[in-house]
$ cat target36.pdb   # PDB, C-alpha atoms and all ligand atoms
MODEL        1
ATOM      1  CA  MET A   1       2.508  36.833   2.825
ATOM      2  CA  GLY A   2       1.459  36.069   6.423
ATOM      3  CA  TYR A   3       3.952  35.743   9.249
ATOM      4  CA  ALA A   4       3.794  31.939   9.345
ATOM      5  CA  ASP A   5       4.000  31.712   5.549
ATOM      6  CA  GLY A   6       7.325  33.508   5.716
ATOM      7  CA  LEU A   7       8.610  31.234   8.454
ATOM      8  CA  PHE A   8       7.875  28.095   6.435
ATOM      9  CA  ASP A   9       8.661  29.541   3.014
ATOM     10  CA  LEU A  10      10.706  27.271   0.735
ATOM     11  CA  THR A  11      10.632  29.379  -2.426
ATOM     12  CA  ASP A  12      13.342  28.250  -4.859
ATOM     13  CA  ARG A  13      14.692  25.669  -2.430
ATOM     14  CA  VAL A  14      15.439  22.164  -3.763
ATOM     15  CA  VAL A  15      14.199  19.185  -1.779
ATOM     16  CA  LEU A  16      15.244  15.614  -2.567
ATOM     17  CA  ILE A  17      12.844  13.010  -1.136
ATOM     18  CA  THR A  18      13.568   9.310  -1.286
ATOM     19  CA  GLY A  19      10.368   7.287  -1.427
ATOM     20  CA  GLY A  20       8.609  10.440  -2.588
ATOM     21  CA  SER A  21       6.247   8.553  -4.887
ATOM     22  CA  ARG A  22       3.877   7.080  -2.280
ATOM     23  CA  GLY A  23       2.772   7.327   1.335
ATOM     24  CA  LEU A  24       4.395   9.816   3.686
ATOM     25  CA  GLY A  25       7.045  10.765   1.123
ATOM     26  CA  ARG A  26       4.416  11.773  -1.419
ATOM     27  CA  GLU A  27       2.650  13.941   1.183
ATOM     28  CA  MET A  28       5.909  15.660   2.080
ATOM     29  CA  ALA A  29       6.783  16.176  -1.605
ATOM     30  CA  PHE A  30       3.489  17.947  -2.324
ATOM     31  CA  ALA A  31       3.827  19.995   0.867
ATOM     32  CA  VAL A  32       7.317  21.330   0.173
ATOM     33  CA  ALA A  33       6.358  22.114  -3.432
ATOM     34  CA  ARG A  34       3.300  24.016  -2.194
ATOM     35  CA  CYS A  35       5.703  26.059  -0.043
ATOM     36  CA  GLY A  36       7.732  26.920  -3.148
ATOM     37  CA  ALA A  37      10.371  24.185  -3.490
ATOM     38  CA  ASP A  38      11.433  22.208  -6.538
ATOM     39  CA  VAL A  39      11.549  18.509  -5.743
ATOM     40  CA  VAL A  40      13.293  15.291  -6.697
ATOM     41  CA  ILE A  41      11.089  12.203  -6.362
ATOM     42  CA  ALA A  42      13.312   9.122  -6.044
ATOM     43  CA  SER A  43      12.140   5.531  -5.722
ATOM     44  CA  ARG A  44      12.373   2.157  -7.480
ATOM     45  CA  ASN A  45       9.205   2.343  -9.571
ATOM     46  CA  MET A  46       9.841   4.983 -12.246
ATOM     47  CA  ASP A  47       6.209   5.090 -13.402
ATOM     48  CA  ASN A  48       5.085   6.091  -9.906
ATOM     49  CA  CYS A  49       7.871   8.683  -9.661
ATOM     50  CA  VAL A  50       6.888  10.172 -13.030
ATOM     51  CA  SER A  51       3.177  10.330 -12.239
ATOM     52  CA  THR A  52       3.755  11.910  -8.827
ATOM     53  CA  ALA A  53       6.215  14.414 -10.315
ATOM     54  CA  ARG A  54       3.716  15.362 -13.058
ATOM     55  CA  GLU A  55       0.912  15.846 -10.510
ATOM     56  CA  ILE A  56       3.151  18.048  -8.373
ATOM     57  CA  GLU A  57       4.142  20.175 -11.355
ATOM     58  CA  ALA A  58       0.514  20.540 -12.438
ATOM     59  CA  GLN A  59      -0.774  21.414  -8.967
ATOM     60  CA  THR A  60       2.033  23.638  -7.704
ATOM     61  CA  GLY A  61       3.820  25.042 -10.750
ATOM     62  CA  ARG A  62       7.161  23.945  -9.283
ATOM     63  CA  SER A  63       9.647  21.625 -11.044
ATOM     64  CA  ALA A  64       9.641  17.974 -10.035
ATOM     65  CA  MET A  65      12.292  15.541 -11.258
ATOM     66  CA  PRO A  66      11.501  11.817 -11.131
ATOM     67  CA  TYR A  67      14.469   9.492 -10.596
ATOM     68  CA  GLN A  68      14.599   5.706 -10.449
ATOM     69  CA  VAL A  69      16.854   4.388  -7.696
ATOM     70  CA  HIS A  70      17.123   1.565  -5.175
ATOM     71  CA  VAL A  71      18.204   3.400  -2.031
ATOM     72  CA  GLY A  72      19.543   0.165  -0.542
ATOM     73  CA  ARG A  73      22.140  -0.087  -3.312
ATOM     74  CA  TRP A  74      25.093   2.096  -2.377
ATOM     75  CA  ASP A  75      26.435   2.197  -5.945
ATOM     76  CA  GLN A  76      23.208   3.736  -7.299
ATOM     77  CA  LEU A  77      23.312   6.756  -5.013
ATOM     78  CA  ASP A  78      26.133   8.700  -6.701
ATOM     79  CA  GLY A  79      23.987   8.759  -9.848
ATOM     80  CA  LEU A  80      21.025  10.221  -7.958
ATOM     81  CA  VAL A  81      23.210  12.951  -6.471
ATOM     82  CA  GLU A  82      24.873  13.778  -9.806
ATOM     83  CA  ALA A  83      21.518  13.940 -11.601
ATOM     84  CA  THR A  84      20.050  16.201  -8.925
ATOM     85  CA  TYR A  85      22.965  18.636  -8.889
ATOM     86  CA  GLY A  86      23.075  18.461 -12.712
ATOM     87  CA  ARG A  87      19.443  19.554 -12.948
ATOM     88  CA  PHE A  88      19.106  21.962 -10.011
ATOM     89  CA  GLY A  89      22.682  22.812  -8.963
ATOM     90  CA  LYS A  90      21.948  22.340  -5.249
ATOM     91  CA  VAL A  91      20.015  20.488  -2.574
ATOM     92  CA  ASP A  92      18.636  22.520   0.333
ATOM     93  CA  THR A  93      16.800  19.684   2.065
ATOM     94  CA  LEU A  94      17.382  15.944   1.866
ATOM     95  CA  ILE A  95      14.567  13.789   3.241
ATOM     96  CA  ASN A  96      15.742  10.222   3.822
ATOM     97  CA  ASN A  97      12.245   8.750   3.819
ATOM     98  CA  ALA A  98      12.326   5.487   1.843
ATOM     99  CA  GLY A  99      12.067   2.563   4.214
ATOM    100  CA  MET A 100      10.492  -0.825   4.716
ATOM    101  CA  SER A 101       9.666  -3.238   7.497
ATOM    102  CA  PRO A 102       9.120  -6.776   6.187
ATOM    103  CA  LEU A 103       6.867  -9.108   8.136
ATOM    104  CA  TYR A 104       8.044 -12.527   9.328
ATOM    105  CA  ASP A 105       6.424 -15.334  11.316
ATOM    106  CA  LYS A 106       9.331 -16.200  13.544
ATOM    107  CA  LEU A 107      12.839 -14.923  14.047
ATOM    108  CA  SER A 108      14.549 -17.926  12.488
ATOM    109  CA  ASP A 109      12.694 -17.104   9.236
ATOM    110  CA  VAL A 110      14.711 -13.900   8.974
ATOM    111  CA  THR A 111      17.420 -14.697   6.428
ATOM    112  CA  GLU A 112      20.718 -12.886   6.205
ATOM    113  CA  LYS A 113      19.561 -11.532   2.844
ATOM    114  CA  LEU A 114      16.401 -10.057   4.389
ATOM    115  CA  PHE A 115      18.303  -8.650   7.364
ATOM    116  CA  ASP A 116      20.843  -7.033   5.022
ATOM    117  CA  ALA A 117      18.079  -5.604   2.808
ATOM    118  CA  VAL A 118      16.447  -3.943   5.817
ATOM    119  CA  ILE A 119      19.737  -2.460   7.007
ATOM    120  CA  ASN A 120      20.714  -1.401   3.489
ATOM    121  CA  LEU A 121      17.516   0.557   2.870
ATOM    122  CA  ASN A 122      16.795   1.999   6.316
ATOM    123  CA  LEU A 123      20.344   2.753   7.461
ATOM    124  CA  LYS A 124      23.130   2.390   4.897
ATOM    125  CA  GLY A 125      21.367   4.264   2.097
ATOM    126  CA  PRO A 126      20.547   7.263   4.294
ATOM    127  CA  PHE A 127      24.157   7.295   5.523
ATOM    128  CA  ARG A 128      25.600   7.336   2.027
ATOM    129  CA  LEU A 129      23.178   9.969   0.715
ATOM    130  CA  SER A 130      23.793  12.151   3.772
ATOM    131  CA  ALA A 131      27.544  11.821   3.279
ATOM    132  CA  LEU A 132      27.409  12.742  -0.404
ATOM    133  CA  ILE A 133      24.892  15.571  -0.084
ATOM    134  CA  GLY A 134      25.832  16.803   3.400
ATOM    135  CA  GLU A 135      29.377  17.608   2.303
ATOM    136  CA  ARG A 136      28.052  19.582  -0.644
ATOM    137  CA  MET A 137      25.625  21.376   1.672
ATOM    138  CA  VAL A 138      28.513  22.338   3.958
ATOM    139  CA  ALA A 139      30.415  23.713   0.961
ATOM    140  CA  ALA A 140      27.285  25.697   0.000
ATOM    141  CA  GLY A 141      26.974  26.999   3.570
ATOM    142  CA  ARG A 142      23.470  25.708   4.305
ATOM    143  CA  GLY A 143      21.175  22.694   4.329
ATOM    144  CA  SER A 144      18.782  20.517   6.267
ATOM    145  CA  ILE A 145      18.685  16.720   6.395
ATOM    146  CA  ILE A 146      15.620  14.889   7.714
ATOM    147  CA  ASN A 147      15.860  11.206   8.581
ATOM    148  CA  VAL A 148      12.455   9.508   8.776
ATOM    149  CA  SER A 149      12.572   7.035  11.621
ATOM    150  CA  SER A 150       9.973   5.030  13.528
ATOM    151  CA  THR A 151       8.715   4.792  17.087
ATOM    152  CA  GLY A 152       9.593   1.123  16.648
ATOM    153  CA  SER A 153      13.183   2.211  17.248
ATOM    154  CA  LEU A 154      12.234   3.334  20.776
ATOM    155  CA  ARG A 155       9.553   0.698  21.510
ATOM    156  CA  PRO A 156      10.568  -2.385  19.495
ATOM    157  CA  ASN A 157       8.558  -5.573  19.470
ATOM    158  CA  GLY A 158       9.353  -9.097  18.349
ATOM    159  CA  GLY A 159       7.902  -8.611  14.881
ATOM    160  CA  ILE A 160      10.145  -5.773  13.731
ATOM    161  CA  ILE A 161      13.587  -6.462  15.208
ATOM    162  CA  PRO A 162      15.831  -5.839  12.160
ATOM    163  CA  TYR A 163      13.767  -2.759  11.233
ATOM    164  CA  ALA A 164      13.770  -1.405  14.800
ATOM    165  CA  ALA A 165      17.541  -1.878  14.993
ATOM    166  CA  ALA A 166      18.073  -0.141  11.656
ATOM    167  CA  LYS A 167      15.912   2.814  12.674
ATOM    168  CA  ALA A 168      17.638   3.021  16.066
ATOM    169  CA  GLY A 169      20.877   3.259  14.096
ATOM    170  CA  LEU A 170      19.316   6.033  12.053
ATOM    171  CA  ASN A 171      18.462   7.940  15.255
ATOM    172  CA  ALA A 172      22.086   7.643  16.383
ATOM    173  CA  MET A 173      23.347   8.602  12.959
ATOM    174  CA  THR A 174      21.270  11.787  13.045
ATOM    175  CA  GLU A 175      23.114  13.063  16.104
ATOM    176  CA  GLY A 176      26.490  12.183  14.626
ATOM    177  CA  LEU A 177      25.690  13.848  11.317
ATOM    178  CA  ALA A 178      24.461  16.971  13.117
ATOM    179  CA  GLN A 179      27.894  17.174  14.781
ATOM    180  CA  ALA A 180      29.752  16.389  11.563
ATOM    181  CA  PHE A 181      27.949  18.903   9.354
ATOM    182  CA  GLY A 182      27.183  21.690  11.832
ATOM    183  CA  PRO A 183      26.963  24.608  12.027
ATOM    184  CA  ALA A 184      26.051  25.032   8.359
ATOM    185  CA  VAL A 185      23.822  21.988   8.060
ATOM    186  CA  ARG A 186      21.097  20.834  10.434
ATOM    187  CA  VAL A 187      20.227  17.139  10.718
ATOM    188  CA  ASN A 188      17.110  15.890  12.484
ATOM    189  CA  THR A 189      15.049  12.756  12.960
ATOM    190  CA  LEU A 190      11.360  12.838  12.091
ATOM    191  CA  MET A 191      10.017   9.893  14.051
ATOM    192  CA  ALA A 192       6.720   8.512  12.758
ATOM    193  CA  GLY A 193       4.242   6.437  14.664
ATOM    194  CA  PRO A 194       1.577   4.360  12.903
ATOM    195  CA  PHE A 195       0.287   6.011   9.720
ATOM    196  CA  LEU A 196      -2.304   4.642   7.300
ATOM    197  CA  THR A 197      -0.169   4.221   4.169
ATOM    198  CA  ASP A 198       0.423   1.140   1.974
ATOM    199  CA  VAL A 199       2.442  -0.195   4.923
ATOM    200  CA  SER A 200      -0.645  -0.428   7.099
ATOM    201  CA  LYS A 201      -2.466  -2.653   4.559
ATOM    202  CA  ALA A 202      -0.482  -5.540   6.026
ATOM    203  CA  TRP A 203      -1.797  -4.775   9.520
ATOM    204  CA  ASN A 204      -4.918  -6.479  10.812
ATOM    205  CA  LEU A 205      -7.043  -3.379  11.364
ATOM    206  CA  GLY A 206     -10.394  -5.208  11.626
ATOM    207  CA  GLU A 207     -12.381  -5.963  14.737
ATOM    208  CA  GLY A 208     -10.147  -7.622  17.307
ATOM    209  CA  GLY A 209      -7.093  -6.748  15.228
ATOM    210  CA  THR A 210      -4.590  -3.950  15.610
ATOM    211  CA  ASN A 211      -5.967  -1.010  17.523
ATOM    212  CA  PHE A 212      -4.327   2.131  18.686
ATOM    213  CA  GLY A 213      -5.870   2.404  22.137
ATOM    214  CA  HIS A 214      -2.400   2.564  23.702
ATOM    215  CA  LEU A 215      -1.686   5.842  21.966
ATOM    216  CA  SER A 216      -2.742   9.096  23.608
ATOM    217  CA  LEU A 217      -4.710  10.020  20.483
ATOM    218  CA  LYS A 218      -6.287   6.508  20.212
ATOM    219  CA  ARG A 219      -5.888   6.311  16.432
ATOM    220  CA  ALA A 220      -3.414   5.953  13.599
ATOM    221  CA  GLY A 221      -2.257   8.992  11.652
ATOM    222  CA  ASP A 222      -3.548  10.092   8.257
ATOM    223  CA  PRO A 223      -0.618  10.678   5.880
ATOM    224  CA  PRO A 224      -1.186  14.474   5.614
ATOM    225  CA  GLU A 225      -0.571  14.670   9.376
ATOM    226  CA  ILE A 226       3.154  14.196   8.762
ATOM    227  CA  VAL A 227       3.339  17.479   6.879
ATOM    228  CA  GLY A 228       3.528  20.002   9.736
ATOM    229  CA  ALA A 229       6.543  18.316  11.306
ATOM    230  CA  ALA A 230       8.260  17.895   7.935
ATOM    231  CA  LEU A 231       7.794  21.553   6.987
ATOM    232  CA  PHE A 232       9.119  22.644  10.379
ATOM    233  CA  LEU A 233      12.322  20.615   9.956
ATOM    234  CA  ALA A 234      12.740  21.463   6.255
ATOM    235  CA  SER A 235      12.367  25.225   6.671
ATOM    236  CA  ASP A 236      14.066  28.029   8.574
ATOM    237  CA  ALA A 237      11.308  27.683  11.200
ATOM    238  CA  SER A 238      13.643  25.099  12.805
ATOM    239  CA  SER A 239      16.821  27.194  12.500
ATOM    240  CA  PHE A 240      17.903  26.383  16.098
ATOM    241  CA  THR A 241      16.935  22.699  15.973
ATOM    242  CA  THR A 242      19.495  20.052  15.075
ATOM    243  CA  GLY A 243      20.392  16.549  16.222
ATOM    244  CA  SER A 244      16.857  16.260  17.560
ATOM    245  CA  ILE A 245      14.050  13.717  17.392
ATOM    246  CA  LEU A 246      10.629  15.133  16.543
ATOM    247  CA  ARG A 247       7.894  12.568  17.147
ATOM    248  CA  ALA A 248       4.694  12.542  15.087
ATOM    249  CA  ASP A 249       3.236   9.408  16.597
ATOM    250  CA  GLY A 250      -0.101  10.048  18.275
ATOM    251  CA  GLY A 251       1.572   9.855  21.668
ATOM    252  CA  ILE A 252       3.298   6.555  22.341
ATOM    253  CA  PRO A 253       3.406   5.641  26.051
TER     254      PRO A 253
HETATM  255  N1  LIG B   1       3.441   4.122   7.778
HETATM  256  C1  LIG B   1       3.842   3.936   9.010
HETATM  257  O1  LIG B   1       3.067   3.514   9.868
HETATM  258  C2  LIG B   1       5.265   4.254   9.427
HETATM  259  C3  LIG B   1       5.571   4.183  10.804
HETATM  260  C4  LIG B   1       6.853   4.499  11.226
HETATM  261  C5  LIG B   1       7.808   4.860  10.298
HETATM  262  N2  LIG B   1       7.500   4.891   8.961
HETATM  263  C6  LIG B   1       8.564   5.244   8.033
HETATM  264  O2  LIG B   1       8.125   6.260   7.155
HETATM  265  C7  LIG B   1       8.778   6.117   5.899
HETATM  266  C8  LIG B   1       7.738   6.109   4.800
HETATM  267  O3  LIG B   1       6.848   5.036   5.058
HETATM  268  P1  LIG B   1       5.452   4.884   4.273
HETATM  269  O4  LIG B   1       4.483   4.327   5.244
HETATM  270  O5  LIG B   1       5.145   6.130   3.542
HETATM  271  O6  LIG B   1       5.842   3.726   3.236
HETATM  272  P2  LIG B   1       5.186   3.334   1.844
HETATM  273  O7  LIG B   1       3.800   3.882   1.718
HETATM  274  O8  LIG B   1       5.408   1.875   1.701
HETATM  275  O9  LIG B   1       6.095   4.106   0.779
HETATM  276  C9  LIG B   1       7.443   3.779   0.727
HETATM  277  C10 LIG B   1       8.128   4.645  -0.311
HETATM  278  O10 LIG B   1       9.509   4.265  -0.332
HETATM  279  C11 LIG B   1       9.854   3.790  -1.631
HETATM  280  N3  LIG B   1      10.797   2.705  -1.498
HETATM  281  C12 LIG B   1      10.618   1.515  -0.883
HETATM  282  N4  LIG B   1      11.722   0.757  -0.995
HETATM  283  C13 LIG B   1      12.620   1.505  -1.681
HETATM  284  C14 LIG B   1      13.949   1.281  -2.121
HETATM  285  N5  LIG B   1      14.577   0.129  -1.880
HETATM  286  N6  LIG B   1      14.572   2.276  -2.806
HETATM  287  C15 LIG B   1      13.942   3.437  -3.075
HETATM  288  N7  LIG B   1      12.702   3.697  -2.695
HETATM  289  C16 LIG B   1      12.051   2.740  -2.001
HETATM  290  C17 LIG B   1       8.523   3.382  -2.264
HETATM  291  O11 LIG B   1       8.549   3.452  -3.690
HETATM  292  P3  LIG B   1       8.970   2.190  -4.639
HETATM  293  O12 LIG B   1       8.152   1.036  -4.188
HETATM  294  O13 LIG B   1       8.702   2.685  -6.015
HETATM  295  O14 LIG B   1      10.438   1.998  -4.428
HETATM  296  C18 LIG B   1       7.579   4.431  -1.701
HETATM  297  O15 LIG B   1       7.689   5.633  -2.440
HETATM  298  C19 LIG B   1       9.612   4.834   5.993
HETATM  299  O16 LIG B   1      10.948   5.137   6.300
HETATM  300  C20 LIG B   1       8.959   4.082   7.142
HETATM  301  O17 LIG B   1       9.857   3.206   7.764
HETATM  302  C21 LIG B   1       6.236   4.605   8.510
ENDMDL
END

$ encode --input "target36.pdb" --output "structure tokens" --more "lines below"
Ligand SMILES: NC(=O)c1ccc[n+]([C@@H]2O[C@H](COP(=O)([O-])OP(=O)(O)OC[C@H]3O[C@@H](n4cnc5c(N)ncnc54)[C@H](OP(=O)(O)O)[C@@H]3O)[C@@H](O)[C@H]2O)c1
Amino acid sequence: MGYADGLFDLTDRVVLITGGSRGLGREMAFAVARCGADVVIASRNMDNCVSTAREIEAQTGRSAMPYQVHVGRWDQLDGLVEATYGRFGKVDTLINNAGMSPLYDKLSDVTEKLFDAVINLNLKGPFRLSALIGERMVAAGRGSIINVSSTGSLRPNGGIIPYAAAKAGLNAMTEGLAQAFGPAVRVNTLMAGPFLTDVSKAWNLGEGGTNFGHLSLKRAGDPPEIVGAALFLASDASSFTTGSILRADGGIP
């Protein structure tokens, strides 16, 4: 095993990833399994969770448990935690990745129901899962929690206000959780910029549409480009990093 392999090794760790069935979550799920971890793939669409879990098992030889859950529904999260501990007996890394940013034409179109749904998924769900799992991690003496946020929380615009506010809350929550669960458990924000996932299909990427010229790297990210940052925060490579924000965003001004 090379020096860097050892630093990022996750052999026999257990990683729970919400939204692990598609997009950035799927990339992170494959990556941690390739580094030796067993994974829990949790999202609403069970078929997608099952197919991703089967692919991971086939490609990596690690165990992957699919689980159907709506992360925005507080009362469904105890079941996810119980099922995970029932199957694997522990969680070493929790990746609060599931999120969504609905589009709207004007601010008065944002209903209370939509606003609540955005807060529930991007902020409340991660809080509840971190509370349930973080306390068990403290009892076990170790753990890492990764909250997937957005550069929209630092540079909001008029089209993403509820989402930007929820993710800004997530950034704040990360620091608080790092205080609450330290020193045994580290909690960090992985802040994504624009990535070409299903989310970006709603963007106008054609000529004259959305471009990324304002970013230092002048382009959007490919989903595998989230992996290096995720492995750093998930593994012992980041043993002295907690309460931090790590940006993988192509360089926002
Ligand atoms: N892509 C970007 O440009 C970008 C930029 C900044 C931040 N982010 C953040 O990165 C994270 C991942 O984004 P992505 O681009 O990979 O999104 P994505 O391709 O749309 O995938 C979202 C994942 O979350 C799951 N999910 C959605 N709603 C859920 C719910 N209510 N309960 C449980 N699971 C749910 C989806 O599965 P189901 O549909 O089966 O539930 C899917 O697995 C999000 O937190 C997002 O805010 C993305």

$ residues_around --input "target36.pdb" --residues "segment 226-232 of chain A" --least-positions-apart "3" --cutoff "7 Å" --atoms "all atoms listed in the file" --output "NGL selection string"
:A and (8 or 24 or 27-28 or 31-32 or 223 or 235 or 237-238 or 248)

$ write_last_selection --input "target36.pdb" --atoms "C-alpha atoms" --output "tab-separated table (two decimals), keeping the file's coordinate frame"
chain	number	residue	atom	x	y	z
A	8	PHE	CA	7.88	28.10	6.44
A	24	LEU	CA	4.39	9.82	3.69
A	27	GLU	CA	2.65	13.94	1.18
A	28	MET	CA	5.91	15.66	2.08
A	31	ALA	CA	3.83	20.00	0.87
A	32	VAL	CA	7.32	21.33	0.17
A	223	PRO	CA	-0.62	10.68	5.88
A	235	SER	CA	12.37	25.22	6.67
A	237	ALA	CA	11.31	27.68	11.20
A	238	SER	CA	13.64	25.10	12.80
A	248	ALA	CA	4.69	12.54	15.09

$ closest_residue --input "target36.pdb" --among "A:His214, A:Lys124, A:Lys106, A:Arg142" --to "ligand LIG 1 (chain B)" --atoms "all atoms listed in the file"
A:Lys124

$ residues_near_ligand --input "target36.pdb" --ligand "ligand LIG 1 (chain B)" --cutoff "9 Å" --atoms "all atoms listed in the file" --output "PyMOL selection string"
chain A and resi 18-27+41-49+68-73+96-101+117-118+120-122+125+147-152+163+167+190-200+220-221+223+249

$ write_last_selection --input "target36.pdb" --atoms "C-alpha atoms" --output "mmCIF file, keeping the file's coordinate frame"
data_model
loop_
_atom_site.group_PDB
_atom_site.id
_atom_site.type_symbol
_atom_site.label_atom_id
_atom_site.label_comp_id
_atom_site.auth_asym_id
_atom_site.auth_seq_id
_atom_site.Cartn_x
_atom_site.Cartn_y
_atom_site.Cartn_z
ATOM 1 C CA THR A 18 13.568 9.310 -1.286
ATOM 2 C CA GLY A 19 10.368 7.287 -1.427
ATOM 3 C CA GLY A 20 8.609 10.440 -2.588
ATOM 4 C CA SER A 21 6.247 8.553 -4.887
ATOM 5 C CA ARG A 22 3.877 7.080 -2.280
ATOM 6 C CA GLY A 23 2.772 7.327 1.335
ATOM 7 C CA LEU A 24 4.395 9.816 3.686
ATOM 8 C CA GLY A 25 7.045 10.765 1.123
ATOM 9 C CA ARG A 26 4.416 11.773 -1.419
ATOM 10 C CA GLU A 27 2.650 13.941 1.183
ATOM 11 C CA ILE A 41 11.089 12.203 -6.362
ATOM 12 C CA ALA A 42 13.312 9.122 -6.044
ATOM 13 C CA SER A 43 12.140 5.531 -5.722
ATOM 14 C CA ARG A 44 12.373 2.157 -7.480
ATOM 15 C CA ASN A 45 9.205 2.343 -9.571
ATOM 16 C CA MET A 46 9.841 4.983 -12.246
ATOM 17 C CA ASP A 47 6.209 5.090 -13.402
ATOM 18 C CA ASN A 48 5.085 6.091 -9.906
ATOM 19 C CA CYS A 49 7.871 8.683 -9.661
ATOM 20 C CA GLN A 68 14.599 5.706 -10.449
ATOM 21 C CA VAL A 69 16.854 4.388 -7.696
ATOM 22 C CA HIS A 70 17.123 1.565 -5.175
ATOM 23 C CA VAL A 71 18.204 3.400 -2.031
ATOM 24 C CA GLY A 72 19.543 0.165 -0.542
ATOM 25 C CA ARG A 73 22.140 -0.087 -3.312
ATOM 26 C CA ASN A 96 15.742 10.222 3.822
ATOM 27 C CA ASN A 97 12.245 8.750 3.819
ATOM 28 C CA ALA A 98 12.326 5.487 1.843
ATOM 29 C CA GLY A 99 12.067 2.563 4.214
ATOM 30 C CA MET A 100 10.492 -0.825 4.716
ATOM 31 C CA SER A 101 9.666 -3.238 7.497
ATOM 32 C CA ALA A 117 18.079 -5.604 2.808
ATOM 33 C CA VAL A 118 16.447 -3.943 5.817
ATOM 34 C CA ASN A 120 20.714 -1.401 3.489
ATOM 35 C CA LEU A 121 17.516 0.557 2.870
ATOM 36 C CA ASN A 122 16.795 1.999 6.316
ATOM 37 C CA GLY A 125 21.367 4.264 2.097
ATOM 38 C CA ASN A 147 15.860 11.206 8.581
ATOM 39 C CA VAL A 148 12.455 9.508 8.776
ATOM 40 C CA SER A 149 12.572 7.035 11.621
ATOM 41 C CA SER A 150 9.973 5.030 13.528
ATOM 42 C CA THR A 151 8.715 4.792 17.087
ATOM 43 C CA GLY A 152 9.593 1.123 16.648
ATOM 44 C CA TYR A 163 13.767 -2.759 11.233
ATOM 45 C CA LYS A 167 15.912 2.814 12.674
ATOM 46 C CA LEU A 190 11.360 12.838 12.091
ATOM 47 C CA MET A 191 10.017 9.893 14.051
ATOM 48 C CA ALA A 192 6.720 8.512 12.758
ATOM 49 C CA GLY A 193 4.242 6.437 14.664
ATOM 50 C CA PRO A 194 1.577 4.360 12.903
ATOM 51 C CA PHE A 195 0.287 6.011 9.720
ATOM 52 C CA LEU A 196 -2.304 4.642 7.300
ATOM 53 C CA THR A 197 -0.169 4.221 4.169
ATOM 54 C CA ASP A 198 0.423 1.140 1.974
ATOM 55 C CA VAL A 199 2.442 -0.195 4.923
ATOM 56 C CA SER A 200 -0.645 -0.428 7.099
ATOM 57 C CA ALA A 220 -3.414 5.953 13.599
ATOM 58 C CA GLY A 221 -2.257 8.992 11.652
ATOM 59 C CA PRO A 223 -0.618 10.678 5.880
ATOM 60 C CA ASP A 249 3.236 9.408 16.597
#

$ residues_around --input "target36.pdb" --residues "Ser63 of chain A" --least-positions-apart "5" --cutoff "12 Å" --atoms "only C-alpha atoms" --output "PyMOL selection string"
chain A and resi 11-16+29-30+32-34+36-41+50+52-58+84+87-88

$ atom_distance --input "target36.pdb" --atom1 "atom CA of Val91 of chain A" --atom2 "atom CA of Ala4 of chain A"
23.2 Å

$ residues_around --input "target36.pdb" --residues "Leu129 of chain A" --least-positions-apart "3" --cutoff "10 Å" --atoms "all atoms listed in the file" --output "JSON, numbers by chain"
{"A": [18, 71, 74, 77, 78, 80, 81, 94, 95, 96, 124, 125, 126, 132, 133, 134, 135, 145]}

$ atom_distance --input "target36.pdb" --atom1 "atom CA of Gly243 of chain A" --atom2 "atom CA of Pro162 of chain A"
23.2 Å

$ atom_distance --input "target36.pdb" --atom1 "atom CA of Leu233 of chain A" --atom2 "atom CA of Ala180 of chain A"
18.0 Å

$ closest_residue --input "target36.pdb" --among "A:Ala202, A:Met1, A:Ile252, A:Ile119" --to "Ser216 of chain A" --atoms "only C-alpha atoms"
A:Ile252

$ closest_residue --input "target36.pdb" --among "A:Asn211, A:Ser153, A:Asn204, A:Thr242" --to "Arg186 of chain A" --atoms "all atoms listed in the file"
A:Thr242

$ residues_near_point --input "target36.pdb" --point "(17.8, 14.3, 10.6)" --cutoff "6 Å" --atoms "only C-alpha atoms" --output "JSON, numbers by chain"
{"A": [145, 146, 147, 174, 187, 188, 189]}

$ closest_residue --input "target36.pdb" --among "A:Thr210, A:Asn171, A:Thr93, A:Ser51" --to "Leu154 of chain A" --atoms "all atoms listed in the file"
A:Asn171

$ closest_residue --input "target36.pdb" --among "A:Ile245, A:Met173, A:Val185, A:Ala234" --to "Cys35 of chain A" --atoms "all atoms listed in the file"
A:Ala234

$ closest_residue --input "target36.pdb" --among "A:Leu205, A:Val138, A:Ile161, A:Ala184" --to "Leu103 of chain A" --atoms "all atoms listed in the file"
A:Ile161
